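Enquirer: target28.txt (compact mmCIF, C-alpha atoms) pasted underneath:
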# COMPACT_ATOMS: atom_id res chain seq x y z
CA MET A 20 199.00 150.74 179.99
CA LEU A 21 196.97 150.51 183.19
CA TYR A 22 197.89 152.86 186.04
CA PHE A 23 194.64 153.24 188.04
CA VAL A 24 195.27 156.81 189.21
CA GLU A 25 193.77 156.15 192.64
CA THR A 26 193.20 152.66 194.05
CA TYR A 27 190.13 153.70 196.03
CA PHE A 28 188.67 155.24 192.88
CA ALA A 29 189.12 151.98 190.97
CA ILE A 30 187.56 149.98 193.82
CA HIS A 31 184.60 152.37 194.07
CA TYR A 32 183.99 152.14 190.32
CA LEU A 33 184.29 148.34 190.42
CA ILE A 34 181.61 148.24 193.14
CA LEU A 35 179.38 150.61 191.13
CA ALA A 36 179.77 148.44 188.02
CA SER A 37 178.90 145.27 190.00
CA ILE A 38 175.82 146.70 191.74
CA ALA A 39 174.49 148.46 188.64
CA SER A 40 175.01 145.31 186.53
CA LEU A 41 173.19 143.28 189.16
CA GLY A 42 170.28 145.73 188.89
CA THR A 43 170.32 145.58 185.09
CA PHE A 44 170.13 141.78 185.19
CA GLN A 45 167.07 142.00 187.45
CA ILE A 46 165.23 144.35 185.09
CA VAL A 47 166.07 142.23 182.02
CA ALA A 48 165.20 139.00 183.86
CA THR A 49 161.82 140.42 184.88
CA ARG A 50 161.01 141.81 181.44
CA HIS A 51 161.92 138.62 179.60
CA GLY A 52 160.97 136.09 182.27
CA LEU A 53 164.52 134.75 182.66
CA ARG A 54 164.28 132.86 185.95
CA GLY A 55 167.90 131.72 185.67
CA LEU A 56 169.04 135.35 185.76
CA SER A 57 166.76 136.52 188.55
CA LEU A 58 167.58 136.95 192.24
CA VAL A 59 163.89 136.68 193.19
CA GLY A 60 162.80 133.84 190.90
CA ARG A 61 159.63 134.62 189.01
CA PRO A 62 157.60 136.78 191.40
CA ARG A 63 153.79 137.00 191.11
CA TRP A 64 154.08 140.75 190.81
CA SER A 65 156.72 141.87 188.28
CA GLY A 66 157.10 145.16 190.16
CA TRP A 67 159.39 143.34 192.62
CA GLY A 68 161.91 142.61 189.88
CA TYR A 69 161.76 146.09 188.35
CA GLY A 70 161.84 147.70 191.81
CA LEU A 71 164.85 145.67 192.92
CA GLY A 72 166.67 146.37 189.65
CA GLY A 73 165.92 150.09 189.69
CA THR A 74 166.88 150.38 193.36
CA LEU A 75 170.20 148.61 192.78
CA ILE A 76 171.08 150.84 189.81
CA ALA A 77 169.98 154.10 191.45
CA GLY A 78 171.51 153.07 194.78
CA GLY A 79 174.79 152.13 193.11
CA PHE A 80 175.08 155.50 191.37
CA ALA A 81 173.99 157.43 194.48
CA TRP A 82 176.55 155.61 196.64
CA PHE A 83 179.32 156.16 194.07
CA PHE A 84 178.73 159.88 193.64
CA LEU A 85 178.15 160.56 197.33
CA SER A 86 181.08 158.52 198.63
CA THR A 87 183.72 159.19 195.97
CA PRO A 88 185.56 162.49 196.32
CA ASN A 89 187.03 164.24 193.26
CA VAL A 90 184.60 162.77 190.74
CA LEU A 91 185.23 165.85 188.60
CA SER A 92 189.00 165.43 188.58
CA PRO A 93 190.99 163.18 186.20
CA GLY A 94 190.37 159.54 187.09
CA PRO A 95 191.00 156.18 185.45
CA ALA A 96 191.50 156.24 181.68
CA GLY A 97 188.90 154.87 179.26
CA THR A 98 190.56 151.45 178.92
CA GLU A 99 190.84 151.17 182.70
CA LEU A 100 187.16 152.01 183.12
CA LEU A 101 186.29 149.46 180.44
CA LEU A 102 188.30 146.79 182.26
CA LEU A 103 186.70 147.65 185.61
CA MET A 104 183.23 147.64 184.04
CA GLY A 105 183.93 144.23 182.49
CA LEU A 106 185.18 142.80 185.78
CA GLY A 107 182.23 144.21 187.71
CA THR A 108 179.73 142.88 185.19
CA ALA A 109 181.38 139.44 185.13
CA GLY A 110 181.31 139.30 188.93
CA ALA A 111 177.65 140.32 189.03
CA LEU A 112 176.79 137.72 186.36
CA VAL A 113 178.53 134.89 188.23
CA PHE A 114 176.83 135.91 191.49
CA THR A 115 173.38 136.14 189.87
CA LEU A 116 173.70 132.80 188.07
CA ALA A 117 174.97 131.09 191.23
CA TRP A 118 172.23 132.60 193.43
CA ALA A 119 169.51 131.70 190.92
CA SER A 120 170.89 128.14 190.67
CA VAL A 121 170.82 127.64 194.45
CA CYS A 122 167.25 129.00 194.67
CA GLN A 123 166.15 126.77 191.78
CA GLU A 124 167.73 123.68 193.40
CA ILE A 125 165.73 124.43 196.56
CA ARG A 126 162.53 124.83 194.51
CA VAL A 127 163.14 121.53 192.71
CA ARG A 128 163.71 119.67 195.99
CA ARG A 129 160.49 121.10 197.34
CA GLY A 130 158.77 120.00 194.15
CA SER A 131 157.50 123.49 193.42
CA SER A 132 159.22 123.87 190.05
CA THR A 133 158.06 122.43 186.75
CA SER A 134 159.54 122.92 183.30
CA GLU A 135 157.32 124.03 180.41
CA LEU A 136 160.07 124.25 177.82
CA ASP A 137 159.90 122.24 174.61
CA ALA A 138 162.82 120.17 173.35
CA GLY A 139 163.83 122.77 170.73
CA THR A 140 164.57 125.47 173.29
CA ARG A 141 168.23 126.47 173.32
CA GLY A 142 170.75 128.99 174.56
CA LEU A 143 169.58 131.81 176.79
CA SER A 144 165.92 130.82 176.31
CA LEU A 145 166.61 127.82 178.57
CA LEU A 146 167.02 130.24 181.48
CA ARG A 147 163.30 131.09 181.25
CA ASP A 148 162.44 127.93 183.14
CA MET A 149 165.65 126.71 184.70
CA SER A 150 168.91 127.77 186.25
CA ILE A 151 172.14 127.74 184.28
CA LEU A 152 173.26 124.62 186.18
CA GLN A 153 170.11 122.78 185.13
CA ALA A 154 170.58 123.98 181.55
CA TRP A 155 174.14 122.69 181.49
CA ARG A 156 173.07 119.37 183.02
CA ARG A 157 170.33 119.06 180.42
CA GLY A 158 172.99 119.45 177.72
CA GLY A 159 171.14 122.27 175.99
CA HIS A 160 174.43 124.05 175.48
CA VAL A 161 175.81 121.19 173.37
CA ALA A 162 172.77 121.10 171.10
CA SER A 163 172.77 124.86 170.71
CA HIS A 164 176.48 124.86 169.82
CA ARG A 165 175.75 122.93 166.66
CA SER A 166 173.28 125.46 165.33
CA GLY A 167 174.51 128.88 164.24
CA PRO A 168 172.85 132.25 164.78
CA ASP A 169 169.64 132.36 162.71
CA TYR A 170 169.58 136.11 162.20
CA LEU A 171 173.07 136.21 160.67
CA ARG A 172 172.29 133.23 158.43
CA ARG A 173 169.07 134.85 157.18
CA ALA A 174 170.90 138.18 156.68
CA GLU A 175 173.51 136.37 154.56
CA MET A 176 170.76 134.79 152.43
CA ARG A 177 169.15 138.18 151.84
CA MET B 27 183.26 179.25 160.63
CA GLY B 28 185.56 179.77 163.61
CA SER B 29 183.69 182.87 164.76
CA LEU B 30 180.31 181.15 164.44
CA ASP B 31 181.74 178.22 166.43
CA TYR B 32 182.98 180.56 169.15
CA ALA B 33 179.71 182.56 169.20
CA LEU B 34 177.76 179.32 169.66
CA PHE B 35 180.18 178.21 172.35
CA GLN B 36 179.76 181.52 174.17
CA PHE B 37 175.99 181.20 174.02
CA VAL B 38 175.90 177.66 175.47
CA ASN B 39 178.75 178.09 177.96
CA GLY B 40 177.35 181.50 178.93
CA LEU B 41 174.34 179.72 180.44
CA ALA B 42 176.64 178.09 183.01
CA GLY B 43 177.12 179.69 186.38
CA HIS B 44 173.63 181.18 186.65
CA CYS B 45 171.57 178.28 187.95
CA PRO B 46 173.23 176.01 190.54
CA PHE B 47 170.80 173.17 189.81
CA LEU B 48 171.59 173.24 186.08
CA ASP B 49 175.32 173.39 186.84
CA ARG B 50 175.14 170.38 189.16
CA LEU B 51 173.11 168.49 186.56
CA ALA B 52 175.67 169.35 183.86
CA GLN B 53 178.49 168.19 186.16
CA LEU B 54 176.69 164.90 186.67
CA LEU B 55 176.27 164.46 182.91
CA VAL B 56 179.74 165.64 181.90
CA ASN B 57 181.84 163.40 184.17
CA ASP B 58 183.51 160.25 182.90
CA TYR B 59 181.39 157.84 184.98
CA PHE B 60 177.66 158.55 184.85
CA LEU B 61 176.64 158.49 181.18
CA PRO B 62 179.36 156.07 179.98
CA THR B 63 178.28 153.60 182.67
CA LEU B 64 174.60 154.05 181.79
CA MET B 65 175.41 153.39 178.12
CA SER B 66 177.35 150.26 179.07
CA LEU B 67 174.40 149.04 181.16
CA LEU B 68 172.07 149.64 178.23
CA LEU B 69 174.30 147.49 176.00
CA LEU B 70 174.39 144.83 178.72
CA ALA B 71 170.59 144.83 178.92
CA LEU B 72 170.36 144.68 175.13
CA TRP B 73 172.51 141.53 175.03
CA PHE B 74 169.99 139.62 177.14
CA SER B 75 166.87 141.22 175.60
CA GLY B 76 164.54 139.77 173.01
CA PHE B 77 161.30 137.81 173.09
CA THR B 78 162.33 135.56 170.20
CA ASP B 79 165.66 133.94 169.33
CA GLU B 80 165.90 136.07 166.18
CA GLU B 81 165.23 139.32 168.03
CA ARG B 82 167.82 138.43 170.65
CA GLU B 83 170.42 137.56 168.00
CA ARG B 84 169.79 140.90 166.30
CA ASN B 85 170.31 142.67 169.64
CA GLN B 86 173.48 140.71 170.34
CA LEU B 87 174.84 141.60 166.92
CA ALA B 88 174.03 145.23 167.70
CA VAL B 89 176.04 145.03 170.92
CA LEU B 90 179.05 143.40 169.25
CA ARG B 91 179.00 145.84 166.34
CA ALA B 92 178.59 148.78 168.74
CA VAL B 93 181.73 147.69 170.62
CA ILE B 94 183.69 147.38 167.35
CA SER B 95 182.35 150.80 166.25
CA LEU B 96 183.61 152.27 169.51
CA LEU B 97 187.07 150.82 168.89
CA LEU B 98 187.11 152.09 165.29
CA ALA B 99 185.90 155.55 166.35
CA ASN B 100 188.70 155.69 168.94
CA ALA B 101 191.29 154.65 166.35
CA LEU B 102 190.05 157.33 163.89
CA LEU B 103 190.11 159.89 166.69
CA LYS B 104 193.71 159.05 167.61
CA MET B 105 194.69 159.42 163.95
CA CYS B 106 193.01 162.85 163.82
CA ASN B 107 194.86 163.86 166.98
CA LEU B 108 198.17 162.88 165.38
CA VAL B 109 197.72 165.31 162.51
CA TYR B 110 195.77 168.14 164.15
CA PHE B 111 195.71 169.66 167.62
CA ARG B 112 193.12 172.20 168.67
CA PRO B 113 193.55 173.78 172.10
CA ARG B 114 190.66 173.57 174.56
CA PRO B 115 188.38 176.64 174.87
CA PHE B 116 189.75 177.52 178.31
CA ALA B 117 193.29 177.76 176.87
CA HIS B 118 192.56 180.97 174.97
CA HIS B 119 189.26 182.34 176.28
CA ASP B 120 187.53 183.20 179.51
CA VAL B 121 185.07 180.37 180.06
CA ASN B 122 182.73 179.16 182.78
CA LEU B 123 184.68 175.99 183.49
CA LEU B 124 182.72 173.37 185.44
CA PHE B 125 185.12 170.49 184.80
CA TYR B 126 188.83 169.69 185.10
CA HIS B 127 191.40 170.77 182.46
CA PRO B 128 191.73 167.98 179.88
CA SER B 129 195.07 168.26 178.08
CA ASP B 130 194.34 166.37 174.85
CA SER B 131 193.10 167.90 171.59
CA SER B 132 189.68 169.54 171.69
CA LEU B 133 188.75 168.46 168.15
CA PRO B 134 187.18 165.97 167.58
CA SER B 135 185.25 165.44 170.81
CA ASN B 136 186.03 161.99 172.18
CA PRO B 137 182.78 161.61 174.20
CA ALA B 138 180.68 162.66 171.19
CA ALA B 139 182.50 160.21 168.91
CA VAL B 140 182.16 157.31 171.34
CA GLY B 141 178.55 158.08 172.27
CA PHE B 142 177.36 158.43 168.67
CA ALA B 143 179.34 155.40 167.49
CA LEU B 144 177.40 153.32 170.03
CA ALA B 145 174.08 155.01 169.30
CA VAL B 146 174.25 154.72 165.51
CA ALA B 147 175.46 151.10 165.60
CA VAL B 148 172.61 150.09 167.91
CA TRP B 149 170.00 152.24 166.09
CA LEU B 150 170.71 150.40 162.83
CA HIS B 151 169.56 147.19 164.57
CA ASN B 152 167.14 148.31 167.26
CA ARG B 153 165.35 151.67 166.94
CA TRP B 154 164.12 151.90 170.54
CA ALA B 155 167.45 151.21 172.21
CA GLY B 156 169.22 153.31 169.57
CA ASN B 157 166.98 156.32 170.28
CA LEU B 158 167.66 155.98 174.01
CA LEU B 159 171.40 155.93 173.32
CA PHE B 160 171.01 158.98 171.04
CA VAL B 161 169.44 160.90 173.94
CA LEU B 162 172.28 159.91 176.31
CA ALA B 163 174.98 160.66 173.71
CA THR B 164 173.42 164.07 172.93
CA LEU B 165 173.27 164.99 176.62
CA PHE B 166 176.91 163.90 176.99
CA ALA B 167 177.96 166.03 174.00
CA ILE B 168 175.98 169.17 174.96
CA SER B 169 177.16 169.03 178.58
CA ARG B 170 180.76 169.17 177.33
CA VAL B 171 180.10 172.52 175.64
CA TYR B 172 178.06 173.79 178.59
CA CYS B 173 180.90 172.94 180.99
CA GLY B 174 183.48 174.68 178.80
CA VAL B 175 185.69 171.78 177.65
CA HIS B 176 184.65 171.60 173.97
CA TYR B 177 183.63 173.93 171.15
CA PRO B 178 180.40 173.01 169.27
CA LEU B 179 182.47 172.20 166.17
CA ASP B 180 184.46 169.62 168.18
CA VAL B 181 181.22 167.95 169.12
CA ILE B 182 179.84 168.03 165.56
CA THR B 183 183.09 166.51 164.24
CA GLY B 184 182.95 163.85 166.95
CA VAL B 185 179.35 163.04 166.04
CA GLY B 186 180.35 162.69 162.38
CA LEU B 187 183.36 160.53 163.20
CA GLY B 188 181.43 158.22 165.51
CA SER B 189 178.53 157.91 163.07
CA LEU B 190 180.92 157.14 160.20
CA ALA B 191 182.67 154.45 162.26
CA ALA B 192 179.33 152.83 163.15
CA TYR B 193 178.08 152.98 159.56
CA LEU B 194 181.29 151.37 158.27
CA VAL B 195 181.14 148.59 160.85
CA VAL B 196 177.44 147.81 160.43
CA ARG B 197 177.01 148.26 156.68
CA LYS B 198 180.44 147.76 155.12
CA MET B 199 182.37 145.30 157.29
CA ARG B 200 180.48 142.12 156.49
CA LEU B 201 183.73 140.16 156.66
CA LEU B 202 183.42 140.43 160.46
CA ASP B 203 180.12 138.53 160.45
CA PRO B 204 181.63 135.02 160.74
CA LEU B 205 183.62 136.17 163.78
CA LEU B 206 180.54 137.74 165.37
CA GLY B 207 178.57 134.57 164.60
CA THR B 208 181.23 132.53 166.38
CA VAL B 209 181.06 134.77 169.46
CA ILE B 210 177.26 134.39 169.61
CA ARG B 211 177.54 130.62 169.09
CA LEU B 212 180.05 130.35 171.93
CA GLY B 213 177.76 132.42 174.13
CA ARG B 214 174.85 130.18 173.23
CA ARG B 215 176.96 127.13 174.05
CA VAL B 216 177.12 128.25 177.67
CA CYS B 217 173.46 129.44 177.59
CA LEU B 218 174.42 133.11 177.77
CA ALA B 219 173.40 134.13 174.24
Take the structure in the file and give it back as structure tokens.
Expert:
Amino acid sequence: MLYFVETYFAIHYLILASIASLGTFQIVATRHGLRGLSLVGRPRWSGWGYGLGGTLIAGGFAWFFLSTPNVLSPGPAGTELLLLMGLGTAGALVFTLAWASVCQEIRVRRGSSTSELDAGTRGLSLLRDMSILQAWRRGGHVASHRSGPDYLRRAEMR
Amino acid sequence: MGSLDYALFQFVNGLAGHCPFLDRLAQLLVNDYFLPTLMSLLLLALWFSGFTDEERERNQLAVLRAVISLLLANALLKMCNLVYFRPRPFAHHDVNLLFYHPSDSSLPSNPAAVGFALAVAVWLHNRWAGNLLFVLATLFAISRVYCGVHYPLDVITGVGLGSLAAYLVVRKMRLLDPLLGTVIRLGRRVCLA
């Protein structure tokens, strides 16, 4: 049962989850070169991506703990926190994918974006060189649907 | 056993209240938001991490199995609470309490069970991320004793329970693999796995 002890507490945690998730996406996108998951495209200096990600995470936590009174008193239950975390992460993911898609569209129109992916690239790997909208248009998701996870299949064979 | 548990509790909890910096740090670590959120972010990062398709699939399996381990650990914990109730340390002793008064059973420790269920499940797939989760889970567990809301034995039982849940899910529940494969396939279909 969801009660959300204090509404402001739930809202504050939702904001923390969104901002921190946004930061996590930036760090992962920078480390693995996922342009489709990056707010700053593929910067020449990777420090921008790590810096932005770290700042968002640290800033999110600092804001939450400085602006939320009674952090050490009973708050939302575990399931409620899980739900808020899921909602915040989903929101951050949609925002990041949408932002990256708009930026990529602009790059394509300017002619400053070229794809270096081979035809066999599928799933999340497509986001290395394109936005999620481009990946969907390309139909990579349909091809990838037909092939199952390799790691599981190999584990079954072992 | 009980006296050793209490002596150990007194030693760790006795450190509280002497150094304001350490107390503030413990309060940051012990609350329900900081470390659980950090662990969730680590799992989120793990889902999207991997330089090859195989590495990424292994990480995604780790995340899915870690979530199932967490659910199993919670179910085992609830069952333990149904048959045994141990009062919190502050109910019978003078303690340096740096946290609110939880009213549920002290044994097994819920944070320790959840933290170690996640850490063990991930460690069995990815050593680096697993070690990082072990550090966070250990800090979470120790801070509970330091702040006076758990005995050391509660934490040790929680660690055992969480580790058992993770081991069962990762090594013994192969019948879940088709379901996990379907989740990853669906994620891949929308280019998010």
Enquirer: Determine the nearest neighbour of chain B from the options A:Cys122, A:Leu41, A:Ala117, A:Val59, counting only C-alpha atoms.
Expert: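 That would be A:Leu41, the residue with the smallest distance to chain B.
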Enquirer: Using all atoms listed in the file, which of the listed residues (A:Gly105, A:Gly70, A:Gly130, A:Gly78) sits closest to chain B?
Expert: A:Gly105
Enquirer: With all atoms listed in the file considered, list every residue of chain B at most 9 Å from chain A, as a ChimeraX atom specification.
Expert: /B:53-54,56-60,63-64,66-68,70-72,74-84,87,124-128,203-204,206-208,210-219
Enquirer: What gap, in Å, lies between atom CA of A:Tyr27 and atom CA of A:Ala111?
Expert: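 Interatomic distance here is 19.6 Å.
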Enquirer: Mind pulling up the distance from atom CA of B:Gly28 to atom CA of B:Gly188?
Expert: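 The value is 22.0 Å.
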Enquirer: Rebuild N, CA and C atoms on stretch 141-159 of chain B, as an mmCIF file, in the frame of the given file?
Expert:
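For reference, selection21.cif as written:
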data_model
loop_
_atom_site.group_PDB
_atom_site.id
_atom_site.type_symbol
_atom_site.label_atom_id
_atom_site.label_comp_id
_atom_site.auth_asym_id
_atom_site.auth_seq_id
_atom_site.Cartn_x
_atom_site.Cartn_y
_atom_site.Cartn_z
ATOM 1 N N GLY B 141 179.989 158.166 172.032
ATOM 2 C CA GLY B 141 178.550 158.080 172.270
ATOM 3 C C GLY B 141 177.770 157.837 170.985
ATOM 4 N N PHE B 142 178.112 158.574 169.922
ATOM 5 C CA PHE B 142 177.360 158.430 168.670
ATOM 6 C C PHE B 142 177.752 157.167 167.911
ATOM 7 N N ALA B 143 178.972 156.681 168.107
ATOM 8 C CA ALA B 143 179.340 155.400 167.490
ATOM 9 C C ALA B 143 178.442 154.298 168.070
ATOM 10 N N LEU B 144 178.270 154.315 169.386
ATOM 11 C CA LEU B 144 177.400 153.320 170.030
ATOM 12 C C LEU B 144 175.948 153.488 169.585
ATOM 13 N N ALA B 145 175.486 154.753 169.609
ATOM 14 C CA ALA B 145 174.080 155.010 169.300
ATOM 15 C C ALA B 145 173.719 154.617 167.874
ATOM 16 N N VAL B 146 174.564 155.014 166.911
ATOM 17 C CA VAL B 146 174.250 154.720 165.510
ATOM 18 C C VAL B 146 174.298 153.207 165.254
ATOM 19 N N ALA B 147 175.332 152.550 165.808
ATOM 20 C CA ALA B 147 175.460 151.100 165.600
ATOM 21 C C ALA B 147 174.239 150.363 166.148
ATOM 22 N N VAL B 148 173.781 150.762 167.308
ATOM 23 C CA VAL B 148 172.610 150.090 167.910
ATOM 24 C C VAL B 148 171.346 150.475 167.145
ATOM 25 N N TRP B 149 171.215 151.761 166.780
ATOM 26 C CA TRP B 149 170.000 152.240 166.090
ATOM 27 C C TRP B 149 169.783 151.498 164.768
ATOM 28 N N LEU B 150 170.855 151.118 164.103
ATOM 29 C CA LEU B 150 170.710 150.400 162.830
ATOM 30 C C LEU B 150 170.148 148.987 163.024
ATOM 31 N N HIS B 151 170.129 148.516 164.279
ATOM 32 C CA HIS B 151 169.560 147.190 164.570
ATOM 33 C C HIS B 151 168.269 147.273 165.384
ATOM 34 N N ASN B 152 168.243 148.228 166.309
ATOM 35 C CA ASN B 152 167.140 148.310 167.260
ATOM 36 C C ASN B 152 166.806 149.779 167.494
ATOM 37 N N ARG B 153 165.695 150.239 166.904
ATOM 38 C CA ARG B 153 165.350 151.670 166.940
ATOM 39 C C ARG B 153 165.151 152.189 168.366
ATOM 40 N N TRP B 154 164.455 151.430 169.203
ATOM 41 C CA TRP B 154 164.120 151.900 170.540
ATOM 42 C C TRP B 154 165.373 152.117 171.386
ATOM 43 N N ALA B 155 166.218 151.095 171.423
ATOM 44 C CA ALA B 155 167.450 151.210 172.210
ATOM 45 C C ALA B 155 168.379 152.259 171.594
ATOM 46 N N GLY B 156 168.385 152.326 170.255
ATOM 47 C CA GLY B 156 169.220 153.310 169.570
ATOM 48 C C GLY B 156 168.784 154.729 169.925
ATOM 49 N N ASN B 157 167.471 154.976 169.936
ATOM 50 C CA ASN B 157 166.980 156.320 170.280
ATOM 51 C C ASN B 157 167.370 156.706 171.711
ATOM 52 N N LEU B 158 167.272 155.720 172.615
ATOM 53 C CA LEU B 158 167.660 155.980 174.010
ATOM 54 C C LEU B 158 169.146 156.351 174.086
ATOM 55 N N LEU B 159 169.970 155.626 173.335
ATOM 56 C CA LEU B 159 171.400 155.930 173.320
ATOM 57 C C LEU B 159 171.680 157.294 172.686
#
